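Engineer: Questions regarding the structure given below will be posed in turn.
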Amino acid sequence: MSSRRDLWYRLRPYLPNPSEVVPEAEGKLVRSVGLTLEAVGLSVSVGRQCVVCSRDGRKVEAEVVGFAGASIFLMPVKRVEGLEPGARVIPLAHSSAMRIGLQTLGRVINGLGQPLDGLGPLQGGEFLDAHPRDINPLKRHPISEPLDVGIRAINALVTVGRGQRMGLFAGSGVGKSVLMGMMTKYTTADVVVVGLVGERGREVKEFIDHILGPEGMQRAVVVASPADDAPLMRLRASQLASRVAEYYRDQGLNVLLLMDSLTRFAQAQREISLAIGEPPATKGYPPSVFAKIPELVERAGNAAEGEGSITAFYTVLTEGDDLQDPIADSARAILDGHIVLSRTLAEEGVYPAIDIEASISRAMPNIVPTEHLQLMQSFKQMLSRYNQNRDLITIGAYSAGSDPLTDQAIEKFPKLRAFIQQGLQESVHMPESMNNLRALLAPVQSKGGSPLAAAHNKTPANKNAST
């Protein structure tokens with residue numbers, strides 16, 4: 001160590017700008033517990049990249065995630081094997097940046113920006129800056145126009161606006177990945193960025209080959225980090241997907257960002273935080289997890305007027321179909337709406353299994369005309385009335401004529417259910433979605449503006465009052 005420092009002082013007068021060259025000491029590895037590496041002898045900041053070199057030549061890239069006194073805590077980016085006490089820890093001058101441009105479309109990369117598809121190095125005219133550009137919230141263009149995602153139930157009943165952040169809440173095996181793939185293929189957005197974080201390894205290949213397909217991949221970038229990756233790699237993949245989407249938004253393009261899943265992002269942050277000693281809080285999640293979720297989500301949205309946008313869908317895995325899960329509850333509070341997938345509908349063979357009653361788009365009242373809102377409310381009212389009386393209808397205890405609205409709901413229910421269903425290879429864009437909704441509810445709407453009004457006008461009490 002001293003010989004290297006002496007050499008630097010001897011060469012200092014001959015350096016082009018000595019004031020900008022600062023020697024950095026190497027450290028050594030003194031402890032490895034669980035996921036955490038502990039080193040001493042370093043003077044580096046949190047977030048700095050280092051490489052740990054073992055005696056047999058193995059190198060492990062790691063990131064500084066915390067410190068305590070003279071001890072520096074590092075988290076490896078990949079799985080650790082073969083490290084021994086006293087291994088050298090060398091700070092990296094800079095991390096490698098990935099190339100990006102329109103040539104990056106159609107590629108699959110990992111959390112470090114390295115290609116996974118075997119198509120050679122990434123091509124592009126620019127290097128991606130790892131640090132996002134802050135946008136003044138007062139300069140963000142408000143959500144003012146709908147985004148066509150090619151799904152009839154979403155376009156007509158849970159309309160999404162350009163720049164909106166939506167949550168896709170579902171348990172395991174309910175069809176959220178299939179729904180994401182359909183939106184990727186059929187959306188009218190210019191570019192699609194897909195983040196597959198913490199999912200099964202085989203699902204990455206299946207999603208690209210069978211769900212996205214060649215047509216969907218032509219305008220998509222996939223950032224993949226399966227469940228067996230180190231937690232830091234999964235965390236980086238989530239952040240890189242958002243960063244890639246921000247790059248294309250800065251080029252003036254409309255981007256659709258699909259993140260599967262926000263829960264795996266939170267779990268990766270939980271693993272890192274617990275490993276460096278942060279105390280657990282709600283259901284084992286440390287407080288930093290609930291601070292990281294808004295940091296990630298707020299990066300999506302509209303830029304200034306006339307610039308691009310990021311419309312984001314974040315899937316939230318509801319363990320045990322519990323919508324009150326801490327991550328689900330936190331995400332629902334920060335997002336601009338949520339789409340809930342129902343296991344009951346999936347078991348009945350309804351795909352996509354969207355629970356229309358439990359789903360809502362907070363931006364919808366500002367981006368659709370009044371007629372559209374009335375049709376959506378009529379649909380929900382009829383569906384809700386049928387579900388309220390479903391048990392009576394099933395056992396035959398309901399007698400026709402008892403309630404006009406329930407009678408209409410029973411008559412329309414097969415068509416309401418068929419309206420939600422959509423084939424995997426079928427795309428239904430916004431104009432067709434609205435025409436289908438008008439045709440479904442036209443007889444009801446003509447009787448009073450909504451099913452409730454129509455039913456109210458039919459009741460004997462109203463007839464007597466009018467006479």
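Ordering of the structure tokens sets the chain letters (A, B, ...); residue numbers start at 1 within each chain; ligands are numbered from 1 in the order shown.
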What's the 7 Å shell around segment 240-247 of chain A, counting only C-alpha atoms, without same-chain residues fewer than 3 positions away, as a list in words?

Structural biologist: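 So, after excluding close chain neighbours, the residues are Gly111, Pro132, Val193, Val194, Gly195, Val223, Arg236, Ala237, Asp250, Gln251, Val255, Leu257 and Ile310 of chain A.
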
Engineer: Just N, CA and C atoms for this one: save the residues we selected as a compact mmCIF listing (two decimals), in the first residue's frame.

Structural biologist:
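The result, stored in part-v6.txt:
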```
# COMPACT_ATOMS: atom_id res chain seq x y z
N GLY A 111 -30.02 -6.58 -14.85
CA GLY A 111 -30.02 -5.37 -14.04
C GLY A 111 -28.79 -4.51 -14.19
N PRO A 132 -31.41 9.59 -12.60
CA PRO A 132 -32.57 10.17 -13.29
C PRO A 132 -32.59 11.69 -13.18
N VAL A 193 -41.48 -0.81 -22.16
CA VAL A 193 -40.38 -1.30 -21.33
C VAL A 193 -40.97 -2.25 -20.30
N VAL A 194 -40.45 -3.48 -20.27
CA VAL A 194 -40.98 -4.51 -19.38
C VAL A 194 -39.90 -4.87 -18.37
N GLY A 195 -40.23 -4.78 -17.09
CA GLY A 195 -39.32 -5.22 -16.03
C GLY A 195 -39.83 -6.49 -15.39
N VAL A 223 -36.14 -5.92 -19.25
CA VAL A 223 -35.11 -5.97 -18.21
C VAL A 223 -35.50 -7.12 -17.29
N ARG A 236 -31.61 -3.40 -8.76
CA ARG A 236 -31.07 -2.65 -9.90
C ARG A 236 -31.92 -2.83 -11.14
N ALA A 237 -32.44 -4.04 -11.34
CA ALA A 237 -33.27 -4.28 -12.52
C ALA A 237 -34.52 -3.40 -12.48
N ASP A 250 -37.68 11.13 -22.41
CA ASP A 250 -36.93 12.36 -22.68
C ASP A 250 -36.72 12.59 -24.18
N GLN A 251 -36.89 11.53 -24.98
CA GLN A 251 -36.81 11.68 -26.44
C GLN A 251 -38.15 12.12 -27.04
N VAL A 255 -44.29 6.20 -23.55
CA VAL A 255 -43.76 4.92 -23.11
C VAL A 255 -44.78 4.21 -22.22
N LEU A 257 -44.66 1.44 -19.37
CA LEU A 257 -43.76 0.71 -18.47
C LEU A 257 -44.57 -0.34 -17.71
N ILE A 310 -44.65 8.56 -19.48
CA ILE A 310 -44.52 7.16 -19.06
C ILE A 310 -45.82 6.77 -18.38
```

Engineer: When DSSP works through the backbone of this structure, what residues of segment 104-277 of chain A end up as alpha helix (DSSP H), shown as number ranges by chain?

Structural biologist: A: 152-157, 176-186, 201-206, 213-217, 231-250, 262-275

Engineer: Would you pick out the contacts of Leu317 of chain A at 9 Å or less, using only C-alpha atoms, so that residues sharing its chain but fewer than 4 positions from it are not included, and give the list as a PyMOL selection string?

Structural biologist: chain A and resi 168-172+260-264+321+327-328

Engineer: Selection from above, N, CA and C atoms, as a CSV table (one decimal), in the first residue's frame, can you write it?

Structural biologist:
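Printed below is result.csv as written:
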```
chain,number,residue,atom,x,y,z
A,168,LEU,N,-51.6,-3.3,-10.6
A,168,LEU,CA,-52.3,-4.5,-11.1
A,168,LEU,C,-52.2,-5.5,-9.9
A,169,PHE,N,-53.3,-5.6,-9.1
A,169,PHE,CA,-53.2,-6.4,-7.9
A,169,PHE,C,-53.8,-7.8,-8.2
A,170,ALA,N,-53.0,-8.8,-7.9
A,170,ALA,CA,-53.4,-10.2,-8.2
A,170,ALA,C,-52.6,-11.1,-7.3
A,171,GLY,N,-53.2,-12.3,-7.0
A,171,GLY,CA,-52.5,-13.4,-6.4
A,171,GLY,C,-51.7,-14.1,-7.4
A,172,SER,N,-51.0,-15.2,-7.0
A,172,SER,CA,-50.2,-16.0,-7.9
A,172,SER,C,-51.1,-16.8,-8.8
A,260,ASP,N,-43.2,-6.0,-13.3
A,260,ASP,CA,-43.7,-7.3,-12.7
A,260,ASP,C,-42.5,-7.8,-11.8
A,261,SER,N,-42.5,-7.6,-10.5
A,261,SER,CA,-43.6,-6.9,-9.8
A,261,SER,C,-43.0,-6.0,-8.7
A,262,LEU,N,-43.8,-5.1,-8.3
A,262,LEU,CA,-43.5,-4.1,-7.2
A,262,LEU,C,-43.2,-4.8,-5.9
A,263,THR,N,-43.9,-5.9,-5.7
A,263,THR,CA,-43.7,-6.7,-4.4
A,263,THR,C,-42.3,-7.3,-4.4
A,264,ARG,N,-41.8,-7.8,-5.5
A,264,ARG,CA,-40.5,-8.4,-5.5
A,264,ARG,C,-39.4,-7.3,-5.3
A,321,ASP,N,-54.2,-13.6,-1.5
A,321,ASP,CA,-55.3,-12.8,-2.1
A,321,ASP,C,-55.7,-11.7,-1.0
A,327,ILE,N,-47.6,-4.1,1.5
A,327,ILE,CA,-47.1,-3.5,0.2
A,327,ILE,C,-48.3,-3.1,-0.7
A,328,ALA,N,-49.3,-3.9,-0.7
A,328,ALA,CA,-50.5,-3.6,-1.5
A,328,ALA,C,-51.2,-2.3,-1.0
```

Engineer: Considering only C-alpha atoms, return as a PyMOL selection string whatever protein or nucleic-acid residues lie within 6 Å of segment 123-126 of chain A, sequence-local ones (same chain, fewer than 6 positions apart) excluded.

Structural biologist: chain A and resi 99-101+103

Engineer: Please report, as a PyMOL selection string, each residue of segment 125-286 of chain A to which DSSP assigns strand (DSSP E or B) when run on this structure's backbone.

Structural biologist: chain A and resi 126-127+146+161+165-170+191-197+220-225+254-260

Engineer: Determine the nearest neighbour of Arg270 of chain A from the options A:Leu235, A:Val221, A:Ala303, A:Lys28, counting only C-alpha atoms.

Structural biologist: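 Under the stated criterion, the closest residue is A:Leu235.
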
Engineer: For a quick check of understanding, using only C-alpha atoms, which of A:Tyr386, A:Phe265, A:Tyr398, A:Tyr186 has the smallest distance to Lys412 of chain A?

Structural biologist: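 Among the listed residues, A:Tyr386 lies closest to Lys412 of chain A.
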
Engineer: So which residues touch segment 344-346 of chain A within 9 Å, counting only C-alpha atoms, skipping near sequence neighbours fewer than 6 positions away, as a list of chain:residue names?

Structural biologist: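 Non-adjacent residues within range: A:Gly173, A:Val174, A:Gly175, A:Pro352, A:Ala353, A:Ile354, A:Asp355.
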
Engineer: Which residues are near Thr188 of chain A? Cut-off 8 Å, only C-alpha atoms, ignore same chain within fewer than 6 positions. Put them as a list in words.

Structural biologist: Leu147, Asp148, Val149 and Gly150 of chain A

Engineer: Env of Cys53 of chain A: 12 Å cut, atoms = only C-alpha atoms, seq-sep filter 4 positions within chain, self excluded. Answer as a PyMOL selection string.

Structural biologist: chain A and resi 26-29+57-62+80-91

Engineer: Can you work out the spacing between atom CA of Phe127 of chain A and atom CA of Val51 of chain A in Å, to one decimal?

Structural biologist: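 A separation of 22.1 Å between them.
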
Engineer: Looking at A:Asn254, A:Thr311, A:Ser71, A:Ser342, which one is nearest to Lys176 of chain A, with distances taken over only C-alpha atoms?

Structural biologist: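 Ranking A:Asn254, A:Thr311, A:Ser71, A:Ser342 by distance to Lys176 of chain A, first place goes to A:Ser342.
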
Engineer: With only C-alpha atoms as the basis for distance, which of A:Ile420, A:Leu405, A:Val108, A:Leu128 is at the shortest distance from Tyr351 of chain A?

Structural biologist: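 Closest to Tyr351 of chain A, using only C-alpha atoms: A:Ile420.
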
Engineer: How far is it from atom CA of Phe207 of chain A to atom CA of Ser177 of chain A, in Å with one decimal?

Structural biologist: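 Spanning atom CA of Phe207 of chain A to atom CA of Ser177 of chain A is a straight-line distance of 7.6 Å.
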
Engineer: From the set A:His429, A:Ser45, A:Leu323, A:Asn436, which residue has the shortest atom-to-atom contact distance to Ile151 of chain A, counting only C-alpha atoms?

Structural biologist: A:His429

Engineer: Could you jot down the atom CA of Ala300 of chain A to atom CA of Val46 of chain A separation for me, Å, one decimal place?

Structural biologist: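 A separation of 24.7 Å between them.
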